[in-house]
Amino acid sequence: MLLLPTHAVTVLTRPEATRDRQNNRVVDWSDAEQATYRARVQPLSSSETEGQGDQLVTELECYLPPAAVVTAVDRAEVDGVTYTVHGKPKVQKGSGPLAQLDHILVVLREVTG
């Protein structure tokens with residue numbers, strides 16, 4: 001069991017892409033399967049780019065329980081904000097009495113602007 005969960009995190013599993021009228025591949029996230037997990041979430045970084053296209057990039061570290069199902073192409077919702085999974089999730093395993101510290105570490109990213 002993951003220690004000290006701080007948030008409910010909803011993982012949105014990426015649905016299969018379809019084609020629109022112009023034959024472009026599109027993903028309709030409104031049909032995504034959802035699973036909610038108790039997880040530990042903490043800020044990782046936040047950066048701002050000023051200029052022609054002001055952007056704010058926010059990243060969180062999310063420690064999901066080992067039974068969570070999440071991939072690099074999924075999304076996750078935390079406190080009403082939708083983030084993309086950034087990079088491949090990392091499975092961390094302990095042994096013996098430390099097995100209760102097993103978790104999946106994912107970096108969540110939001111880009112605005």
# chains A, B, ... in the order shown; residues from 1 in each chain; ligands from 1

$ residues_around --residues "A:Arg75" --least-positions-apart "4" --cutoff "7 Å" --atoms "only C-alpha atoms" --output "compact mmCIF listing (two decimals) with C-alpha atoms, in the first residue's frame"
# COMPACT_ATOMS: atom_id res chain seq x y z
CA VAL A 11 -6.47 7.99 -15.04
CA LEU A 12 -8.05 8.38 -18.47
CA THR A 13 -7.05 5.52 -20.76
CA THR A 82 -6.31 17.37 -16.81
CA TYR A 83 -2.63 16.50 -17.30
CA THR A 84 -0.86 14.35 -19.88
CA VAL A 85 1.38 11.51 -18.75

$ select_by_dssp --residues "stretch 58-101 of chain A" --states "helix (DSSP H, G or I)" --output "PyMOL selection string"
chain A and resi 96-101

$ write_last_selection --atoms "N, CA and C atoms" --output "PDB file, in the first residue's frame"
ATOM      1  N   GLY A  96      10.495  -7.711   0.805  1.00  0.00           N
ATOM      2  CA  GLY A  96      10.329  -7.954   2.237  1.00  0.00           C
ATOM      3  C   GLY A  96       9.385  -6.941   2.857  1.00  0.00           C
ATOM      4  N   PRO A  97       9.758  -6.378   4.005  1.00  0.00           N
ATOM      5  CA  PRO A  97       8.875  -5.421   4.665  1.00  0.00           C
ATOM      6  C   PRO A  97       8.699  -4.121   3.876  1.00  0.00           C
ATOM      7  N   LEU A  98       9.593  -3.857   2.927  1.00  0.00           N
ATOM      8  CA  LEU A  98       9.476  -2.644   2.115  1.00  0.00           C
ATOM      9  C   LEU A  98       8.555  -2.821   0.911  1.00  0.00           C
ATOM     10  N   ALA A  99       7.973  -4.018   0.743  1.00  0.00           N
ATOM     11  CA  ALA A  99       7.071  -4.266  -0.380  1.00  0.00           C
ATOM     12  C   ALA A  99       5.855  -3.350  -0.321  1.00  0.00           C
ATOM     13  N   GLN A 100       5.507  -2.889   0.871  1.00  0.00           N
ATOM     14  CA  GLN A 100       4.358  -1.987   0.978  1.00  0.00           C
ATOM     15  C   GLN A 100       4.657  -0.616   0.362  1.00  0.00           C
ATOM     16  N   LEU A 101       5.904  -0.373   0.002  1.00  0.00           N
ATOM     17  CA  LEU A 101       6.266   0.884  -0.646  1.00  0.00           C
ATOM     18  C   LEU A 101       6.227   0.785  -2.170  1.00  0.00           C
TER      19      LEU A 101
END

$ select_by_dssp --residues "chain A" --states "strand (DSSP E or B)" --output "ChimeraX atom specification"
/A:7-13,18-19,25-26,33-49,55-64,75-78,81-92,103-112

$ residues_around --residues "A:Thr71" --least-positions-apart "2" --cutoff "12 Å" --atoms "only C-alpha atoms" --output "number ranges by chain"
A: 11-14, 68-69, 73-76, 84-91, 104-108

$ closest_residue --among "A:Thr10, A:Gly94, A:Asp102, A:Pro5" --to "A:Glu77" --atoms "only C-alpha atoms"
A:Thr10

$ atom_distance --atom1 "atom CA of A:Ser46" --atom2 "atom CA of A:Trp29"
25.3 Å

$ residues_around --residues "A:His103" --least-positions-apart "3" --cutoff "7 Å" --atoms "only C-alpha atoms" --output "PyMOL selection string"
chain A and resi 2+63-66+91-93

$ residues_around --residues "stretch 49-51 of chain A" --least-positions-apart "6" --cutoff "12 Å" --atoms "only C-alpha atoms" --output "number ranges by chain"
A: 57-58, 111-113

$ write_last_selection --atoms "N, CA and C atoms" --output "compact mmCIF listing (two decimals), in the first residue's frame"
# COMPACT_ATOMS: atom_id res chain seq x y z
N VAL A 57 4.23 25.81 -18.20
CA VAL A 57 4.37 24.35 -18.15
C VAL A 57 4.47 23.96 -16.68
N THR A 58 3.53 23.12 -16.24
CA THR A 58 3.50 22.66 -14.86
C THR A 58 3.64 21.15 -14.86
N VAL A 111 0.35 22.00 -20.11
CA VAL A 111 0.89 23.14 -20.85
C VAL A 111 -0.30 24.06 -21.16
N THR A 112 -0.20 25.31 -20.73
CA THR A 112 -1.26 26.28 -21.01
C THR A 112 -0.66 27.46 -21.77
N GLY A 113 -1.48 28.07 -22.60
CA GLY A 113 -1.05 29.26 -23.33
C GLY A 113 -0.64 29.01 -24.73

$ atom_distance --atom1 "atom CA of A:Leu44" --atom2 "atom CA of A:Leu60"
4.8 Å

$ closest_residue --among "A:Arg21, A:Asp79, A:Glu16, A:Glu61" --to "A:Val41" --atoms "only C-alpha atoms"
A:Glu61

$ atom_distance --atom1 "atom CA of A:Leu4" --atom2 "atom CA of A:Ala72"
24.4 Å

$ decode --residues "stretch 45-77 of chain A" --atoms "C-alpha atoms" --output "PDB file, in the first residue's frame"
ATOM      1  CA  SER A  45       8.339  22.032 -11.617  1.00  0.00           C
ATOM      2  CA  SER A  46       6.696  25.046 -13.146  1.00  0.00           C
ATOM      3  CA  SER A  47       8.150  27.263 -15.859  1.00  0.00           C
ATOM      4  CA  GLU A  48       6.927  30.188 -17.881  1.00  0.00           C
ATOM      5  CA  THR A  49       7.953  31.237 -21.372  1.00  0.00           C
ATOM      6  CA  GLU A  50       7.248  34.841 -22.257  1.00  0.00           C
ATOM      7  CA  GLY A  51       7.247  36.244 -25.731  1.00  0.00           C
ATOM      8  CA  GLN A  52       5.196  35.601 -28.814  1.00  0.00           C
ATOM      9  CA  GLY A  53       3.331  32.686 -27.278  1.00  0.00           C
ATOM     10  CA  ASP A  54       3.277  32.890 -23.500  1.00  0.00           C
ATOM     11  CA  GLN A  55       3.242  29.376 -22.081  1.00  0.00           C
ATOM     12  CA  LEU A  56       3.117  27.927 -18.605  1.00  0.00           C
ATOM     13  CA  VAL A  57       4.369  24.355 -18.147  1.00  0.00           C
ATOM     14  CA  THR A  58       3.498  22.660 -14.856  1.00  0.00           C
ATOM     15  CA  GLU A  59       4.705  19.189 -13.862  1.00  0.00           C
ATOM     16  CA  LEU A  60       3.662  16.985 -10.965  1.00  0.00           C
ATOM     17  CA  GLU A  61       5.089  13.752  -9.593  1.00  0.00           C
ATOM     18  CA  CYS A  62       2.347  11.206  -9.021  1.00  0.00           C
ATOM     19  CA  TYR A  63       2.905   8.054  -6.978  1.00  0.00           C
ATOM     20  CA  LEU A  64       0.154   5.601  -7.920  1.00  0.00           C
ATOM     21  CA  PRO A  65      -0.527   2.262  -6.222  1.00  0.00           C
ATOM     22  CA  PRO A  66       1.132  -0.763  -7.879  1.00  0.00           C
ATOM     23  CA  ALA A  67      -2.220  -2.049  -9.177  1.00  0.00           C
ATOM     24  CA  ALA A  68      -2.819   1.123 -11.207  1.00  0.00           C
ATOM     25  CA  VAL A  69      -3.010   0.809 -14.976  1.00  0.00           C
ATOM     26  CA  VAL A  70      -1.355   3.747 -16.732  1.00  0.00           C
ATOM     27  CA  THR A  71       0.698   4.195 -19.917  1.00  0.00           C
ATOM     28  CA  ALA A  72       2.674   7.005 -21.535  1.00  0.00           C
ATOM     29  CA  VAL A  73      -0.244   7.920 -23.850  1.00  0.00           C
ATOM     30  CA  ASP A  74      -2.849   8.339 -21.098  1.00  0.00           C
ATOM     31  CA  ARG A  75      -4.072  11.404 -19.250  1.00  0.00           C
ATOM     32  CA  ALA A  76      -4.811  12.005 -15.586  1.00  0.00           C
ATOM     33  CA  GLU A  77      -7.082  14.386 -13.700  1.00  0.00           C
TER      34      GLU A  77
END
